[in-house]
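Text of query_19.cif, listed as mmCIF, C-alpha atoms:
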data_data
loop_
_atom_site.label_atom_id
_atom_site.label_comp_id
_atom_site.auth_asym_id
_atom_site.auth_seq_id
_atom_site.Cartn_x
_atom_site.Cartn_y
_atom_site.Cartn_z
CA MET A 6 120.57 105.25 107.34
CA CYS A 7 118.93 103.00 104.71
CA LEU A 8 119.63 99.29 104.65
CA PHE A 9 118.97 97.13 101.59
CA ILE A 10 118.24 93.53 102.53
CA PHE A 11 115.86 90.87 101.26
CA ASN A 12 115.17 93.19 98.30
CA MET A 13 113.74 95.73 100.76
CA GLU A 14 114.92 99.19 101.67
CA ILE A 15 114.71 99.32 105.46
CA LEU A 16 114.65 102.89 106.72
CA TYR A 17 114.37 102.23 110.46
CA GLU A 18 114.07 99.33 112.88
CA ASP A 19 113.95 98.84 116.64
CA ASN A 20 112.38 96.30 119.01
CA HIS A 21 108.82 97.45 118.29
CA ILE A 22 108.61 98.85 114.76
CA ILE A 23 110.15 98.50 111.33
CA ILE A 24 109.81 101.10 108.56
CA VAL A 25 110.29 100.21 104.90
CA ASN A 26 110.48 102.21 101.66
CA LYS A 27 107.92 100.47 99.43
CA SER A 28 108.56 100.26 95.71
CA PRO A 29 105.67 100.98 93.30
CA LYS A 30 105.47 97.33 92.27
CA GLU A 31 104.84 95.98 95.77
CA ILE A 32 101.56 95.36 97.56
CA VAL A 33 101.46 95.88 101.32
CA GLN A 34 99.11 92.96 101.99
CA GLY A 35 98.08 89.97 99.91
CA ASP A 36 95.38 90.40 97.28
CA LYS A 37 93.77 88.46 94.44
CA THR A 38 96.91 88.75 92.28
CA GLY A 39 98.69 86.24 94.48
CA ASP A 40 101.89 88.32 94.37
CA GLN A 41 104.11 88.21 97.43
CA PRO A 42 103.13 91.12 99.68
CA LEU A 43 105.58 93.39 101.47
CA LEU A 44 104.19 92.08 104.78
CA ASP A 45 105.43 88.57 104.00
CA MET A 46 108.82 89.90 102.92
CA VAL A 47 109.19 91.70 106.24
CA LYS A 48 108.18 88.53 108.11
CA ASP A 49 110.78 86.51 106.18
CA TYR A 50 113.42 89.08 107.03
CA LEU A 51 112.52 89.05 110.74
CA ARG A 52 112.38 85.26 110.83
CA GLU A 53 115.86 84.92 109.38
CA LYS A 54 117.49 87.83 111.19
CA TYR A 55 116.29 86.77 114.63
CA HIS A 56 116.30 83.00 113.97
CA LYS A 57 112.61 82.63 114.78
CA PRO A 58 111.00 79.35 113.72
CA GLY A 59 107.35 79.31 112.68
CA ASN A 60 105.12 82.36 112.61
CA VAL A 61 106.54 85.83 113.20
CA PHE A 62 104.38 88.67 114.49
CA CYS A 63 104.21 91.64 112.14
CA GLY A 64 101.24 93.99 112.09
CA VAL A 65 100.14 96.28 109.26
CA VAL A 66 99.73 99.79 110.64
CA HIS A 67 98.70 101.54 107.41
CA ARG A 68 98.70 100.90 103.66
CA LEU A 69 99.76 102.50 100.39
CA ASP A 70 98.14 101.87 97.03
CA ARG A 71 100.16 99.41 94.94
CA PRO A 72 101.38 101.94 92.32
CA THR A 73 102.48 104.34 95.08
CA SER A 74 105.95 104.30 96.64
CA GLY A 75 107.32 105.40 99.98
CA VAL A 76 107.18 105.01 103.75
CA VAL A 77 105.30 102.06 105.25
CA VAL A 78 105.33 101.30 108.98
CA PHE A 79 104.94 97.79 110.41
CA ALA A 80 104.60 96.84 114.08
CA LYS A 81 106.82 94.08 115.46
CA THR A 82 104.85 93.76 118.71
CA SER A 83 101.15 93.72 119.55
CA LYS A 84 101.68 96.60 121.98
CA ALA A 85 103.11 98.79 119.22
CA LEU A 86 100.38 97.77 116.78
CA THR A 87 97.55 98.67 119.16
CA ARG A 88 99.07 102.02 120.06
CA LEU A 89 99.99 102.96 116.47
CA ASN A 90 96.49 102.10 115.26
CA GLU A 91 95.07 104.40 117.89
CA MET A 92 97.51 107.16 116.96
CA PHE A 93 96.47 106.94 113.31
CA LYS A 94 92.80 107.17 114.28
CA LYS A 95 93.50 110.28 116.38
CA GLY A 96 95.58 111.94 113.66
CA GLU A 97 98.72 111.90 115.77
CA ILE A 98 100.95 110.67 112.94
CA ASP A 99 102.16 113.28 110.47
CA LYS A 100 102.64 112.10 106.87
CA THR A 101 103.98 114.07 103.90
CA TYR A 102 103.55 112.99 100.28
CA TRP A 103 105.15 114.15 97.05
CA ALA A 104 103.20 114.10 93.80
CA ILE A 105 104.29 114.91 90.25
CA VAL A 106 101.70 116.59 88.01
CA LYS A 107 101.78 117.79 84.41
CA ASP A 108 100.09 121.18 84.73
CA LEU A 109 100.87 124.22 86.85
CA PRO A 110 98.66 124.33 89.96
CA PRO A 111 96.20 127.22 90.14
CA ARG A 112 97.95 128.42 93.32
CA ASP A 113 101.43 127.82 94.72
CA GLU A 114 99.77 126.46 97.86
CA ASP A 115 96.19 125.77 98.81
CA THR A 116 93.81 123.74 100.94
CA LEU A 117 91.39 121.46 99.12
CA VAL A 118 88.07 120.46 100.65
CA HIS A 119 85.87 117.94 98.85
CA TYR A 120 83.33 115.25 99.61
CA LEU A 121 84.33 111.80 98.39
CA ILE A 122 82.19 108.81 97.51
CA LYS A 123 83.88 105.47 96.93
CA ASN A 124 82.63 103.25 94.12
CA GLN A 125 83.28 99.67 95.24
CA LYS A 126 82.80 98.19 91.77
CA ASN A 127 85.61 100.07 90.06
CA ASN A 128 87.65 100.83 93.21
CA LYS A 129 87.57 104.54 92.53
CA SER A 130 86.48 107.62 94.45
CA VAL A 131 84.58 110.61 93.07
CA ALA A 132 85.02 114.10 94.54
CA TYR A 133 82.21 116.62 94.91
CA ASP A 134 82.33 120.27 95.92
CA THR A 135 79.32 119.91 98.21
CA GLU A 136 78.24 117.22 100.64
CA LYS A 137 76.32 114.28 99.17
CA PRO A 138 74.59 111.25 100.69
CA ARG A 139 77.22 108.69 101.78
CA SER A 140 80.05 111.13 101.07
CA LYS A 141 83.00 111.66 103.40
CA LYS A 142 84.70 115.00 103.89
CA ALA A 143 88.26 115.09 102.56
CA VAL A 144 90.80 117.82 103.39
CA LEU A 145 94.36 118.17 102.16
CA HIS A 146 96.98 120.90 101.88
CA TYR A 147 99.37 121.14 98.94
CA LYS A 148 102.39 123.31 98.18
CA LEU A 149 104.42 123.68 94.97
CA VAL A 150 107.99 122.67 95.88
CA GLY A 151 109.71 121.91 92.57
CA ARG A 152 109.67 122.31 88.79
CA SER A 153 111.30 120.45 85.93
CA GLN A 154 111.10 121.17 82.21
CA LYS A 155 107.76 119.37 81.86
CA TYR A 156 106.37 118.70 85.33
CA TYR A 157 105.62 120.16 88.74
CA LEU A 158 106.33 118.67 92.16
CA LEU A 159 103.73 119.11 94.90
CA GLU A 160 104.13 118.47 98.61
CA VAL A 161 100.87 117.18 100.09
CA LYS A 162 99.72 116.85 103.69
CA LEU A 163 96.47 115.12 104.62
CA GLU A 164 94.04 116.16 107.32
CA THR A 165 91.81 113.17 106.58
CA GLY A 166 92.55 109.69 105.32
CA ARG A 167 90.08 108.80 102.58
CA HIS A 168 90.19 106.22 99.80
CA HIS A 169 92.50 107.45 97.00
CA GLN A 170 92.21 110.91 98.56
CA ILE A 171 95.28 112.60 97.06
CA ARG A 172 94.72 111.05 93.64
CA CYS A 173 91.06 111.98 93.59
CA GLN A 174 91.29 115.52 94.96
CA LEU A 175 94.19 116.59 92.74
CA ALA A 176 92.37 115.20 89.70
CA LYS A 177 89.28 117.14 90.72
CA ILE A 178 91.17 120.45 90.29
CA GLY A 179 92.64 119.35 86.96
CA LEU A 180 95.94 117.96 88.27
CA PRO A 181 95.92 114.17 87.83
CA ILE A 182 99.10 112.56 89.11
CA ARG A 183 101.48 111.49 86.36
CA GLY A 184 100.77 107.92 85.29
CA ASP A 185 97.43 107.70 87.09
CA LEU A 186 95.15 106.55 84.27
CA LYS A 187 92.34 105.83 86.74
CA TYR A 188 92.09 109.53 87.60
CA GLY A 189 92.66 111.10 84.22
CA ALA A 190 96.35 111.02 83.39
CA PRO A 191 96.79 110.80 79.60
CA ARG A 192 99.33 107.97 79.71
CA SER A 193 100.77 105.44 82.13
CA ASN A 194 104.29 105.38 83.54
CA PRO A 195 106.54 102.74 81.92
CA ASP A 196 106.73 100.66 85.12
CA GLY A 197 103.01 100.90 85.88
CA SER A 198 103.56 103.21 88.85
CA ILE A 199 101.96 106.54 89.56
CA SER A 200 104.18 109.45 90.57
CA LEU A 201 102.97 109.62 94.15
CA HIS A 202 105.49 109.02 96.94
CA ALA A 203 104.96 108.82 100.70
CA ARG A 204 107.96 111.00 101.44
CA ASN A 205 108.05 111.43 105.22
CA ILE A 206 106.46 110.19 108.42
CA SER A 207 106.82 111.68 111.88
CA PHE A 208 105.37 110.51 115.19
CA VAL A 209 106.07 109.85 118.85
CA HIS A 210 107.30 106.29 119.29
CA PRO A 211 104.44 104.24 120.80
CA VAL A 212 106.71 102.68 123.44
CA SER A 213 109.93 104.66 123.91
CA LYS A 214 108.17 108.02 123.36
CA LYS A 215 111.09 109.39 121.36
CA ILE A 216 110.42 111.35 118.16
CA ILE A 217 110.60 109.23 115.01
CA ASN A 218 111.11 111.23 111.81
CA ILE A 219 111.77 109.16 108.70
CA THR A 220 112.24 110.33 105.10
CA ALA A 221 112.06 107.87 102.19
CA PRO A 222 114.28 108.44 99.14
CA VAL A 223 112.29 108.86 95.94
CA PRO A 224 112.39 106.18 93.22
CA ASP A 225 115.59 106.25 91.21
CA ASP A 226 114.30 107.22 87.79
CA PRO A 227 114.77 110.19 85.44
CA LEU A 228 111.40 111.71 86.25
CA TRP A 229 112.10 112.09 89.97
CA ASN A 230 115.77 112.87 89.39
CA ALA A 231 114.82 115.80 87.16
CA PHE A 232 113.84 117.76 90.27
CA GLU A 233 117.36 117.47 91.75
CA ILE A 234 116.04 116.35 95.13
#
How does the structure come out when it is put into structure tokens?
Amino acid sequence: MCLFIFNMEILYEDNHIIIVNKSPKEIVQGDKTGDQPLLDMVKDYLREKYHKPGNVFCGVVHRLDRPTSGVVVFAKTSKALTRLNEMFKKGEIDKTYWAIVKDLPPRDEDTLVHYLIKNQKNNKSVAYDTEKPRSKKAVLHYKLVGRSQKYYLLEVKLETGRHHQIRCQLAKIGLPIRGDLKYGAPRSNPDGSISLHARNISFVHPVSKKIINITAPVPDDPLWNAFEI
């Protein structure tokens, strides 16, 4: 059950973790913009809810690009943070993304394998079909799961976690994500977002060992609503 509080959509919380549905406008951690990050919002919420004076522990487990929406997991204890970090490194956390693209994919489902090189200066990755010096192998699986009058909805699962991986690999096969000017979309979305949503996350709880399976509602706008999801 979702809970809206402190301008956040909280999808799940227990003694060790808290899971939030990030909006496209939010940053997970502070950056040069000086905008309030989601991390600080979660800390404020925990401080007030549990009447904790001073600093509150809250660890960033993983990140989403600012224009991307969806599931973000934070650790409320150092034990959970250490274990979740290790689980991410080992690929023991299953994440599903949804992406809206303009053109019909070449196949209804496929596996993409590319070699990515990150350009630090423009914060962009370039995908190559063959291995290059300094490149990192990137593997994802996509499946066509929805259609509207103008767009197509893809479900994406990652095998690797590279910089801008979904954005870069889909653009490489001629399917830039709607609104993603950096990777070839013809125009931006009105709110500055890109139509990429971290839809679901599933993992074994780092402490209780129960299965956690959380789905984040998509942004409430006509584009997403056109798919009747």
With distances taken over only C-alpha atoms, the candidate from A:Lys107, A:Arg52, A:Lys123, A:Lys95 nearest A:Lys81 is A:Arg52
Note to self: Please compute the atom CA of A:His67-atom CA of A:Met92 distance, one decimal, in Å.
What the structure shows: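 Distance reported for this atom pair: 11.1 Å.
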Here is a test: counting all atoms listed in the file, which residue of A:Leu145, A:Val33, A:Leu163, A:Cys173 is nearest to A:Asp115?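 Counting all atoms listed in the file, the residue closest to A:Asp115 is A:Leu145.
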Q: Using the chain letters and numbers from the file, give me the residues hit by the PyMOL selection byres ((chain A and resi 186-194) around 10), as a list in words.
A: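 Those residues are Pro72, Val106, Lys107, Asn127, Asn128, Lys129, Ser130, Val131, His169, Arg172, Cys173, Gln174, Leu175, Ala176, Lys177, Gly179, Leu180, Pro181, Ile182, Arg183, Gly184, Asp185, Pro195, Asp196, Gly197, Ser198, Ile199, Ser200 and Leu228 of chain A.
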Take the residues that were just selected and, keeping C-alpha atoms, output them as an mmCIF file, in the coordinates of the input.
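Final file, selection11.cif:
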data_model
loop_
_atom_site.group_PDB
_atom_site.id
_atom_site.type_symbol
_atom_site.label_atom_id
_atom_site.label_comp_id
_atom_site.auth_asym_id
_atom_site.auth_seq_id
_atom_site.Cartn_x
_atom_site.Cartn_y
_atom_site.Cartn_z
ATOM 1 C CA PRO A 72 101.380 101.940 92.320
ATOM 2 C CA VAL A 106 101.700 116.590 88.010
ATOM 3 C CA LYS A 107 101.780 117.790 84.410
ATOM 4 C CA ASN A 127 85.610 100.070 90.060
ATOM 5 C CA ASN A 128 87.650 100.830 93.210
ATOM 6 C CA LYS A 129 87.570 104.540 92.530
ATOM 7 C CA SER A 130 86.480 107.620 94.450
ATOM 8 C CA VAL A 131 84.580 110.610 93.070
ATOM 9 C CA HIS A 169 92.500 107.450 97.000
ATOM 10 C CA ARG A 172 94.720 111.050 93.640
ATOM 11 C CA CYS A 173 91.060 111.980 93.590
ATOM 12 C CA GLN A 174 91.290 115.520 94.960
ATOM 13 C CA LEU A 175 94.190 116.590 92.740
ATOM 14 C CA ALA A 176 92.370 115.200 89.700
ATOM 15 C CA LYS A 177 89.280 117.140 90.720
ATOM 16 C CA GLY A 179 92.640 119.350 86.960
ATOM 17 C CA LEU A 180 95.940 117.960 88.270
ATOM 18 C CA PRO A 181 95.920 114.170 87.830
ATOM 19 C CA ILE A 182 99.100 112.560 89.110
ATOM 20 C CA ARG A 183 101.480 111.490 86.360
ATOM 21 C CA GLY A 184 100.770 107.920 85.290
ATOM 22 C CA ASP A 185 97.430 107.700 87.090
ATOM 23 C CA PRO A 195 106.540 102.740 81.920
ATOM 24 C CA ASP A 196 106.730 100.660 85.120
ATOM 25 C CA GLY A 197 103.010 100.900 85.880
ATOM 26 C CA SER A 198 103.560 103.210 88.850
ATOM 27 C CA ILE A 199 101.960 106.540 89.560
ATOM 28 C CA SER A 200 104.180 109.450 90.570
ATOM 29 C CA LEU A 228 111.400 111.710 86.250
#
Exercise. Any chance you could resolve the PyMOL selection byres ((chain A and resi 112) around 12) against this file and give the residues as a list in words?
Key: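 Output of the PyMOL selection byres ((chain A and resi 112) around 12): Asp108, Leu109, Pro110, Pro111, Asp113, Glu114, Asp115, Thr116, Leu117, His146, Tyr147, Lys148, Leu149, Val150, Leu159, Ile178 and Leu180 of chain A.
A straight line drawn from atom CA of A:Ala85 to atom CA of A:Pro29 is 26.1 Å long.
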